[in-house]
Amino acid sequence: MYTKEQVREHVEELLDPSAEKTFAETGGLRFLDIDEEKDVVNLIIALEKLEDDYKRYVTRALAKLIKLDLGFTGVKAEFELLKRSESILARERKVKYVGIASGKGGVGKSTVAANLAYALKTLGKKVGIIDADIYGSSIPTILDMKITLPQGTDDEKLLPFNKDGIELISTEFFLAPDKPLMWRGPMLGKMLNHFFYDVVWSPEIEYILVDLPPGTGDVAMDIQALIPQCKMIIVTTPHASASHVAVKAGFASEQLKHELLGVVENMSYLNHAGEELRIFGTGGGDIVAKKLHTNVLATIPIGQPKNSLSIFGPDEEIGLDYLGLANKIIKAY
Ligand SMILES: Nc1ncnc2c1ncn2[C@@H]1O[C@H](COP(=O)(O)OP(=O)(O)O)[C@@H](O)[C@H]1O
Ligand SMILES: [Mg+2]
């Protein structure tokens, strides 16, 4: 039985005949999922030219690879156009993607992502956020934004939302209020593709922060595979229950060849009457950094901002911690 990663590696060696390059080179393998019940591999493939001859060629190559060589019962491929124009490619090369991951939910991943965005902005950087935590997206709430349907362009691209100059795209904008996301498999793959390839960010965008789903499940890994040039921040709390799984998330990112920028220990302590109370224990951030051979970039205490739901200003102590984090990210990238 082949794993998804193994199948992915094989498919990426196949040729996009319309580009005369492999899918690893074009980035055309947009989605891959194994339906274990039916023993079928589902794919979304983007071709440089979407002509019937090319589709037939790839369909045959896929059937040979997946059914004959790898032994699956079936293969189902959908094709789309590789829409990345040269200008978009050029921009993507310049844009620095920062993935924010954690082993479990509730450790403050989204809060850190949003505050990091503001801190980078304070340091003069133009920032976008992809809220890709599809099952628990929360950035619009953290930024106190109204949920509306995003605007499309004539060529089926998406315009991001803007809050205080920070651009944002989120699954939350595509869902009915208070309804969970039920999409799976190819549908989910399609939407995520849309997020990563079809958003018209401002040309000045320098950093795109990606709030990833927690853990090392299929969806979290699929999303990370969509951003090959991403560097990672791992968020944990001081407690072993968080750090234990944060280490796994770090290893999973490394498997996808994503460089680690470092670790953020959130909810590290509570400042009370001049004392730092370690109410969630100690050591989580250090353990994760040590096991992943990287550094602790910031320790953020427990606290609430003065003037906003979740965003700390540069005049607040925790706001300064986030500025320090932003500074390190700029230096390390
Ligand atoms: N340093 C902190 N101090 C106090 N509350 C925090 C802190 N960091 C996060 N929170 C709160 O903890 C909860 C979970 O944070 P969130 O960013 O949504 O976590 P995740 O994205 O990892 O699930 C939220 O209610 C958030 O406001
Ligand atoms: Mg979150």
# chains A, B, ... in the order shown; residues from 1 in each chain; ligands from 1
>>> residues_near_ligand(ligand="ligand 1", cutoff="10 Å", atoms="only C-alpha atoms and all ligand atoms", output="VMD selection string")
chain A and resid 100 to 115 133 136 to 139 141 to 142 211 to 214 235 to 237 265 to 270 299 to 305 309 to 311 318
>>> residues_around(residues="Asp155 in chain A", least_positions_apart="6", cutoff="12 Å", atoms="only C-alpha atoms", output="list in words")
Lys83, Asp198, Val199 and Val200 of chain A
>>> select_by_dssp(residues="range 97-254 of chain A", states="strand (DSSP E)", output="ChimeraX atom specification")
/A:97-102,127-131,161-163,166-170,207-211,231-236
>>> closest_residue(among="A:Val98, A:Val127, A:Ala119, A:Val210", to="ligand 2", atoms="only C-alpha atoms and all ligand atoms")
A:Val210
>>> residues_around(residues="Pro186 in chain A", least_positions_apart="5", cutoff="9 Å", atoms="only C-alpha atoms", output="list in words")
Phe31, Leu32, Asp33, Asn42, Leu43, Ile44, Glu78 and Met191 of chain A
>>> atom_distance(atom1="CA of Arg30 in chain A", atom2="CA of Tyr197 in chain A")
9.8 Å
>>> atom_distance(atom1="CA of Ala132 in chain A", atom2="CA of Glu172 in chain A")
9.4 Å
>>> atom_distance(atom1="CA of Leu81 in chain A", atom2="CA of Gly28 in chain A")
9.0 Å
>>> select_by_dssp(residues="range 208-286 of chain A", states="alpha helix (DSSP H)", output="PDB file with N, CA and C atoms, in the first residue's frame")
ATOM      1  N   ASP A 218      -4.271  14.913   7.423  1.00  0.00           N
ATOM      2  CA  ASP A 218      -4.261  15.029   5.966  1.00  0.00           C
ATOM      3  C   ASP A 218      -4.398  16.455   5.476  1.00  0.00           C
ATOM      4  N   VAL A 219      -5.404  17.148   6.025  1.00  0.00           N
ATOM      5  CA  VAL A 219      -5.707  18.476   5.507  1.00  0.00           C
ATOM      6  C   VAL A 219      -4.559  19.439   5.790  1.00  0.00           C
ATOM      7  N   ALA A 220      -4.031  19.357   7.015  1.00  0.00           N
ATOM      8  CA  ALA A 220      -2.914  20.238   7.366  1.00  0.00           C
ATOM      9  C   ALA A 220      -1.740  20.003   6.417  1.00  0.00           C
ATOM     10  N   MET A 221      -1.492  18.752   6.089  1.00  0.00           N
ATOM     11  CA  MET A 221      -0.354  18.444   5.219  1.00  0.00           C
ATOM     12  C   MET A 221      -0.633  18.837   3.771  1.00  0.00           C
ATOM     13  N   ASP A 222      -1.872  18.609   3.316  1.00  0.00           N
ATOM     14  CA  ASP A 222      -2.234  19.018   1.948  1.00  0.00           C
ATOM     15  C   ASP A 222      -2.012  20.511   1.760  1.00  0.00           C
ATOM     16  N   ILE A 223      -2.414  21.267   2.776  1.00  0.00           N
ATOM     17  CA  ILE A 223      -2.302  22.720   2.657  1.00  0.00           C
ATOM     18  C   ILE A 223      -0.833  23.122   2.624  1.00  0.00           C
ATOM     19  N   GLN A 224      -0.040  22.510   3.492  1.00  0.00           N
ATOM     20  CA  GLN A 224       1.386  22.863   3.493  1.00  0.00           C
ATOM     21  C   GLN A 224       2.052  22.494   2.176  1.00  0.00           C
ATOM     22  N   ALA A 225       1.564  21.396   1.564  1.00  0.00           N
ATOM     23  CA  ALA A 225       2.164  20.989   0.293  1.00  0.00           C
ATOM     24  C   ALA A 225       1.863  21.998  -0.811  1.00  0.00           C
ATOM     25  N   ALA A 240       3.210  20.323  28.651  1.00  0.00           N
ATOM     26  CA  ALA A 240       3.669  19.159  27.888  1.00  0.00           C
ATOM     27  C   ALA A 240       2.620  18.653  26.900  1.00  0.00           C
ATOM     28  N   SER A 241       1.343  18.807  27.235  1.00  0.00           N
ATOM     29  CA  SER A 241       0.310  18.302  26.317  1.00  0.00           C
ATOM     30  C   SER A 241       0.360  19.051  24.993  1.00  0.00           C
ATOM     31  N   ALA A 242       0.766  20.299  25.021  1.00  0.00           N
ATOM     32  CA  ALA A 242       0.886  21.073  23.779  1.00  0.00           C
ATOM     33  C   ALA A 242       2.237  20.847  23.124  1.00  0.00           C
ATOM     34  N   SER A 243       3.310  20.835  23.932  1.00  0.00           N
ATOM     35  CA  SER A 243       4.644  20.756  23.337  1.00  0.00           C
ATOM     36  C   SER A 243       4.874  19.387  22.692  1.00  0.00           C
ATOM     37  N   HIS A 244       4.311  18.353  23.292  1.00  0.00           N
ATOM     38  CA  HIS A 244       4.468  17.001  22.772  1.00  0.00           C
ATOM     39  C   HIS A 244       3.984  16.915  21.320  1.00  0.00           C
ATOM     40  N   VAL A 245       2.789  17.470  21.061  1.00  0.00           N
ATOM     41  CA  VAL A 245       2.255  17.396  19.701  1.00  0.00           C
ATOM     42  C   VAL A 245       2.832  18.481  18.789  1.00  0.00           C
ATOM     43  N   ALA A 246       3.308  19.583  19.393  1.00  0.00           N
ATOM     44  CA  ALA A 246       3.937  20.630  18.581  1.00  0.00           C
ATOM     45  C   ALA A 246       5.207  20.094  17.918  1.00  0.00           C
ATOM     46  N   VAL A 247       5.932  19.246  18.640  1.00  0.00           N
ATOM     47  CA  VAL A 247       7.143  18.634  18.078  1.00  0.00           C
ATOM     48  C   VAL A 247       6.781  17.830  16.834  1.00  0.00           C
ATOM     49  N   LYS A 248       5.685  17.081  16.937  1.00  0.00           N
ATOM     50  CA  LYS A 248       5.253  16.283  15.778  1.00  0.00           C
ATOM     51  C   LYS A 248       4.909  17.171  14.594  1.00  0.00           C
ATOM     52  N   ALA A 249       4.246  18.287  14.883  1.00  0.00           N
ATOM     53  CA  ALA A 249       3.883  19.206  13.793  1.00  0.00           C
ATOM     54  C   ALA A 249       5.153  19.742  13.132  1.00  0.00           C
ATOM     55  N   GLY A 250       6.167  20.026  13.942  1.00  0.00           N
ATOM     56  CA  GLY A 250       7.437  20.509  13.393  1.00  0.00           C
ATOM     57  C   GLY A 250       8.096  19.468  12.501  1.00  0.00           C
ATOM     58  N   PHE A 251       8.107  18.228  12.961  1.00  0.00           N
ATOM     59  CA  PHE A 251       8.704  17.159  12.143  1.00  0.00           C
ATOM     60  C   PHE A 251       7.932  16.980  10.836  1.00  0.00           C
ATOM     61  N   ALA A 252       6.606  17.090  10.921  1.00  0.00           N
ATOM     62  CA  ALA A 252       5.787  16.924   9.708  1.00  0.00           C
ATOM     63  C   ALA A 252       6.122  18.017   8.694  1.00  0.00           C
ATOM     64  N   SER A 253       6.316  19.243   9.177  1.00  0.00           N
ATOM     65  CA  SER A 253       6.680  20.335   8.265  1.00  0.00           C
ATOM     66  C   SER A 253       8.050  20.079   7.640  1.00  0.00           C
ATOM     67  N   GLU A 254       8.951  19.566   8.452  1.00  0.00           N
ATOM     68  CA  GLU A 254      10.288  19.287   7.922  1.00  0.00           C
ATOM     69  C   GLU A 254      10.245  18.213   6.841  1.00  0.00           C
ATOM     70  N   GLN A 255       9.318  17.269   7.016  1.00  0.00           N
ATOM     71  CA  GLN A 255       9.170  16.232   5.982  1.00  0.00           C
ATOM     72  C   GLN A 255       8.771  16.837   4.646  1.00  0.00           C
ATOM     73  N   GLY A 284       7.718  24.169  27.831  1.00  0.00           N
ATOM     74  CA  GLY A 284       7.184  23.695  26.537  1.00  0.00           C
ATOM     75  C   GLY A 284       7.945  24.240  25.337  1.00  0.00           C
ATOM     76  N   GLY A 285       8.144  25.555  25.325  1.00  0.00           N
ATOM     77  CA  GLY A 285       8.817  26.178  24.183  1.00  0.00           C
ATOM     78  C   GLY A 285      10.242  25.664  24.015  1.00  0.00           C
ATOM     79  N   ASP A 286      10.967  25.578  25.149  1.00  0.00           N
ATOM     80  CA  ASP A 286      12.362  25.106  25.082  1.00  0.00           C
ATOM     81  C   ASP A 286      12.441  23.665  24.576  1.00  0.00           C
TER      82      ASP A 286
END
>>> residues_around(residues="Tyr333 in chain A", least_positions_apart="4", cutoff="8 Å", atoms="only C-alpha atoms", output="PyMOL selection string")
chain A and resi 96+231+261+329
>>> closest_residue(among="A:Lys328, A:Leu15, A:Phe72, A:Asp52", to="Thr3 in chain A", atoms="only C-alpha atoms")
A:Phe72
>>> closest_residue(among="A:Lys190, A:His258, A:Lys146, A:His10", to="Glu80 in chain A", atoms="only C-alpha atoms")
A:Lys190
>>> closest_residue(among="A:Ile166, A:Leu65, A:Met1, A:Leu226", to="Lys121 in chain A", atoms="only C-alpha atoms")
A:Ile166
>>> closest_residue(among="A:Arg56, A:Leu47, A:Ile129, A:Ala61", to="Glu13 in chain A", atoms="only C-alpha atoms")
A:Ala61
>>> residues_around(residues="Ile169 in chain A", least_positions_apart="2", cutoff="9 Å", atoms="only C-alpha atoms", output="VMD selection string")
chain A and resid 128 to 132 140 150 158 to 162 167 171 to 173 195 199
>>> closest_residue(among="A:Gly189, A:Lys125, A:His293, A:Leu143", to="Phe312 in chain A", atoms="only C-alpha atoms")
A:Leu143
>>> decode(residues="range 99-238 of chain A", atoms="C-alpha atoms", output="mmCIF file, in the first residue's frame")
data_model
loop_
_atom_site.group_PDB
_atom_site.id
_atom_site.type_symbol
_atom_site.label_atom_id
_atom_site.label_comp_id
_atom_site.auth_asym_id
_atom_site.auth_seq_id
_atom_site.Cartn_x
_atom_site.Cartn_y
_atom_site.Cartn_z
ATOM 1 C CA GLY A 99 3.220 29.167 7.960
ATOM 2 C CA ILE A 100 1.944 29.190 11.525
ATOM 3 C CA ALA A 101 1.394 25.693 12.838
ATOM 4 C CA SER A 102 0.708 23.945 16.122
ATOM 5 C CA GLY A 103 0.189 20.437 17.351
ATOM 6 C CA LYS A 104 -3.205 21.185 18.819
ATOM 7 C CA GLY A 105 -5.879 23.864 18.700
ATOM 8 C CA GLY A 106 -6.417 26.512 21.336
ATOM 9 C CA VAL A 107 -2.750 27.321 21.907
ATOM 10 C CA GLY A 108 -3.086 30.756 20.299
ATOM 11 C CA LYS A 109 -1.973 30.061 16.743
ATOM 12 C CA SER A 110 -4.492 32.442 15.191
ATOM 13 C CA THR A 111 -3.907 35.109 17.840
ATOM 14 C CA VAL A 112 -0.163 34.926 17.166
ATOM 15 C CA ALA A 113 -0.738 35.042 13.386
ATOM 16 C CA ALA A 114 -2.948 38.127 13.605
ATOM 17 C CA ASN A 115 -0.684 39.980 16.047
ATOM 18 C CA LEU A 116 2.379 39.123 13.990
ATOM 19 C CA ALA A 117 0.631 40.620 10.965
ATOM 20 C CA TYR A 118 0.049 43.882 12.827
ATOM 21 C CA ALA A 119 3.593 43.930 14.194
ATOM 22 C CA LEU A 120 5.063 43.418 10.709
ATOM 23 C CA LYS A 121 2.827 46.222 9.516
ATOM 24 C CA THR A 122 4.103 48.499 12.287
ATOM 25 C CA LEU A 123 7.618 47.733 11.030
ATOM 26 C CA GLY A 124 6.616 48.962 7.584
ATOM 27 C CA LYS A 125 5.862 45.647 5.883
ATOM 28 C CA LYS A 126 2.838 44.968 3.709
ATOM 29 C CA VAL A 127 1.165 41.788 4.934
ATOM 30 C CA GLY A 128 -1.508 39.344 3.799
ATOM 31 C CA ILE A 129 -3.071 36.520 5.787
ATOM 32 C CA ILE A 130 -4.454 33.259 4.445
ATOM 33 C CA ASP A 131 -6.757 31.845 7.103
ATOM 34 C CA ALA A 132 -6.413 28.220 6.066
ATOM 35 C CA ASP A 133 -7.550 26.624 9.300
ATOM 36 C CA ILE A 134 -10.525 25.440 7.345
ATOM 37 C CA TYR A 135 -12.318 23.656 10.153
ATOM 38 C CA GLY A 136 -11.823 26.358 12.756
ATOM 39 C CA SER A 137 -11.156 29.577 10.942
ATOM 40 C CA SER A 138 -11.144 32.505 13.305
ATOM 41 C CA ILE A 139 -9.075 35.323 11.857
ATOM 42 C CA PRO A 140 -12.095 37.397 10.746
ATOM 43 C CA THR A 141 -13.393 37.307 14.328
ATOM 44 C CA ILE A 142 -9.976 38.132 15.766
ATOM 45 C CA LEU A 143 -9.722 41.094 13.397
ATOM 46 C CA ASP A 144 -13.325 42.015 14.160
ATOM 47 C CA MET A 145 -14.403 41.850 10.518
ATOM 48 C CA LYS A 146 -17.821 41.463 9.010
ATOM 49 C CA ILE A 147 -18.336 38.226 7.115
ATOM 50 C CA THR A 148 -19.383 38.809 3.526
ATOM 51 C CA LEU A 149 -18.871 36.957 0.264
ATOM 52 C CA PRO A 150 -15.570 37.866 -1.376
ATOM 53 C CA GLN A 151 -15.601 39.748 -4.647
ATOM 54 C CA GLY A 152 -14.459 37.953 -7.766
ATOM 55 C CA THR A 153 -12.818 39.424 -10.841
ATOM 56 C CA ASP A 154 -13.778 38.814 -14.484
ATOM 57 C CA ASP A 155 -11.075 36.182 -14.838
ATOM 58 C CA GLU A 156 -12.347 34.253 -11.809
ATOM 59 C CA LYS A 157 -9.812 35.475 -9.321
ATOM 60 C CA LEU A 158 -10.598 36.535 -5.793
ATOM 61 C CA LEU A 159 -10.078 39.912 -4.214
ATOM 62 C CA PRO A 160 -8.837 39.730 -0.618
ATOM 63 C CA PHE A 161 -10.456 41.696 2.197
ATOM 64 C CA ASN A 162 -8.620 44.529 3.833
ATOM 65 C CA LYS A 163 -8.497 45.486 7.499
ATOM 66 C CA ASP A 164 -6.196 48.311 8.568
ATOM 67 C CA GLY A 165 -4.104 47.689 5.445
ATOM 68 C CA ILE A 166 -3.716 43.970 6.162
ATOM 69 C CA GLU A 167 -5.137 41.803 3.400
ATOM 70 C CA LEU A 168 -7.024 38.663 4.270
ATOM 71 C CA ILE A 169 -8.676 35.684 2.679
ATOM 72 C CA SER A 170 -10.519 33.171 4.860
ATOM 73 C CA THR A 171 -12.749 30.125 4.486
ATOM 74 C CA GLU A 172 -15.068 31.903 6.851
ATOM 75 C CA PHE A 173 -16.094 34.218 4.007
ATOM 76 C CA PHE A 174 -17.402 31.276 1.984
ATOM 77 C CA LEU A 175 -19.606 29.702 4.615
ATOM 78 C CA ALA A 176 -23.032 30.400 5.944
ATOM 79 C CA PRO A 177 -22.766 31.903 9.442
ATOM 80 C CA ASP A 178 -22.535 29.362 12.255
ATOM 81 C CA LYS A 179 -22.324 26.434 9.837
ATOM 82 C CA PRO A 180 -19.306 24.128 9.933
ATOM 83 C CA LEU A 181 -17.396 23.369 6.781
ATOM 84 C CA MET A 182 -18.477 20.012 5.399
ATOM 85 C CA TRP A 183 -16.317 19.896 2.299
ATOM 86 C CA ARG A 184 -13.872 17.122 1.804
ATOM 87 C CA GLY A 185 -11.686 15.546 -0.832
ATOM 88 C CA PRO A 186 -11.659 17.175 -4.262
ATOM 89 C CA MET A 187 -14.115 19.964 -3.353
ATOM 90 C CA LEU A 188 -11.905 21.023 -0.502
ATOM 91 C CA GLY A 189 -8.867 20.710 -2.747
ATOM 92 C CA LYS A 190 -10.485 23.036 -5.254
ATOM 93 C CA MET A 191 -11.251 25.688 -2.716
ATOM 94 C CA LEU A 192 -7.759 25.581 -1.267
ATOM 95 C CA ASN A 193 -6.274 25.882 -4.722
ATOM 96 C CA HIS A 194 -8.359 28.951 -5.181
ATOM 97 C CA PHE A 195 -6.921 30.357 -1.957
ATOM 98 C CA PHE A 196 -3.342 29.765 -2.847
ATOM 99 C CA TYR A 197 -3.309 30.528 -6.547
ATOM 100 C CA ASP A 198 -6.203 32.788 -7.420
ATOM 101 C CA VAL A 199 -6.116 35.617 -4.909
ATOM 102 C CA VAL A 200 -5.183 39.008 -6.317
ATOM 103 C CA TRP A 201 -2.976 40.348 -3.521
ATOM 104 C CA SER A 202 -1.591 43.858 -3.786
ATOM 105 C CA PRO A 203 1.659 43.825 -5.700
ATOM 106 C CA GLU A 204 3.384 45.358 -2.656
ATOM 107 C CA ILE A 205 2.620 42.363 -0.431
ATOM 108 C CA GLU A 206 5.867 41.154 1.112
ATOM 109 C CA TYR A 207 4.709 38.620 3.696
ATOM 110 C CA ILE A 208 1.813 36.199 3.556
ATOM 111 C CA LEU A 209 1.069 34.545 6.885
ATOM 112 C CA VAL A 210 -0.749 31.233 6.659
ATOM 113 C CA ASP A 211 -2.817 30.196 9.678
ATOM 114 C CA LEU A 212 -2.706 26.415 9.279
ATOM 115 C CA PRO A 213 -5.016 23.784 10.718
ATOM 116 C CA PRO A 214 -3.540 22.296 13.906
ATOM 117 C CA GLY A 215 -1.916 18.903 13.921
ATOM 118 C CA THR A 216 -0.442 16.640 11.312
ATOM 119 C CA GLY A 217 -3.611 15.344 9.675
ATOM 120 C CA ASP A 218 -4.261 15.029 5.966
ATOM 121 C CA VAL A 219 -5.707 18.476 5.507
ATOM 122 C CA ALA A 220 -2.914 20.238 7.366
ATOM 123 C CA MET A 221 -0.354 18.444 5.219
ATOM 124 C CA ASP A 222 -2.234 19.018 1.948
ATOM 125 C CA ILE A 223 -2.302 22.720 2.657
ATOM 126 C CA GLN A 224 1.386 22.863 3.493
ATOM 127 C CA ALA A 225 2.164 20.989 0.293
ATOM 128 C CA LEU A 226 0.465 23.806 -1.644
ATOM 129 C CA ILE A 227 3.073 26.292 -0.433
ATOM 130 C CA PRO A 228 6.436 24.734 -1.142
ATOM 131 C CA GLN A 229 8.383 27.901 -0.342
ATOM 132 C CA CYS A 230 6.842 28.345 3.114
ATOM 133 C CA LYS A 231 8.906 28.786 6.286
ATOM 134 C CA MET A 232 7.356 27.768 9.567
ATOM 135 C CA ILE A 233 6.639 29.049 13.047
ATOM 136 C CA ILE A 234 5.516 26.434 15.570
ATOM 137 C CA VAL A 235 3.254 27.674 18.372
ATOM 138 C CA THR A 236 3.022 25.858 21.697
ATOM 139 C CA THR A 237 2.119 26.576 25.306
ATOM 140 C CA PRO A 238 4.457 25.751 28.237
#
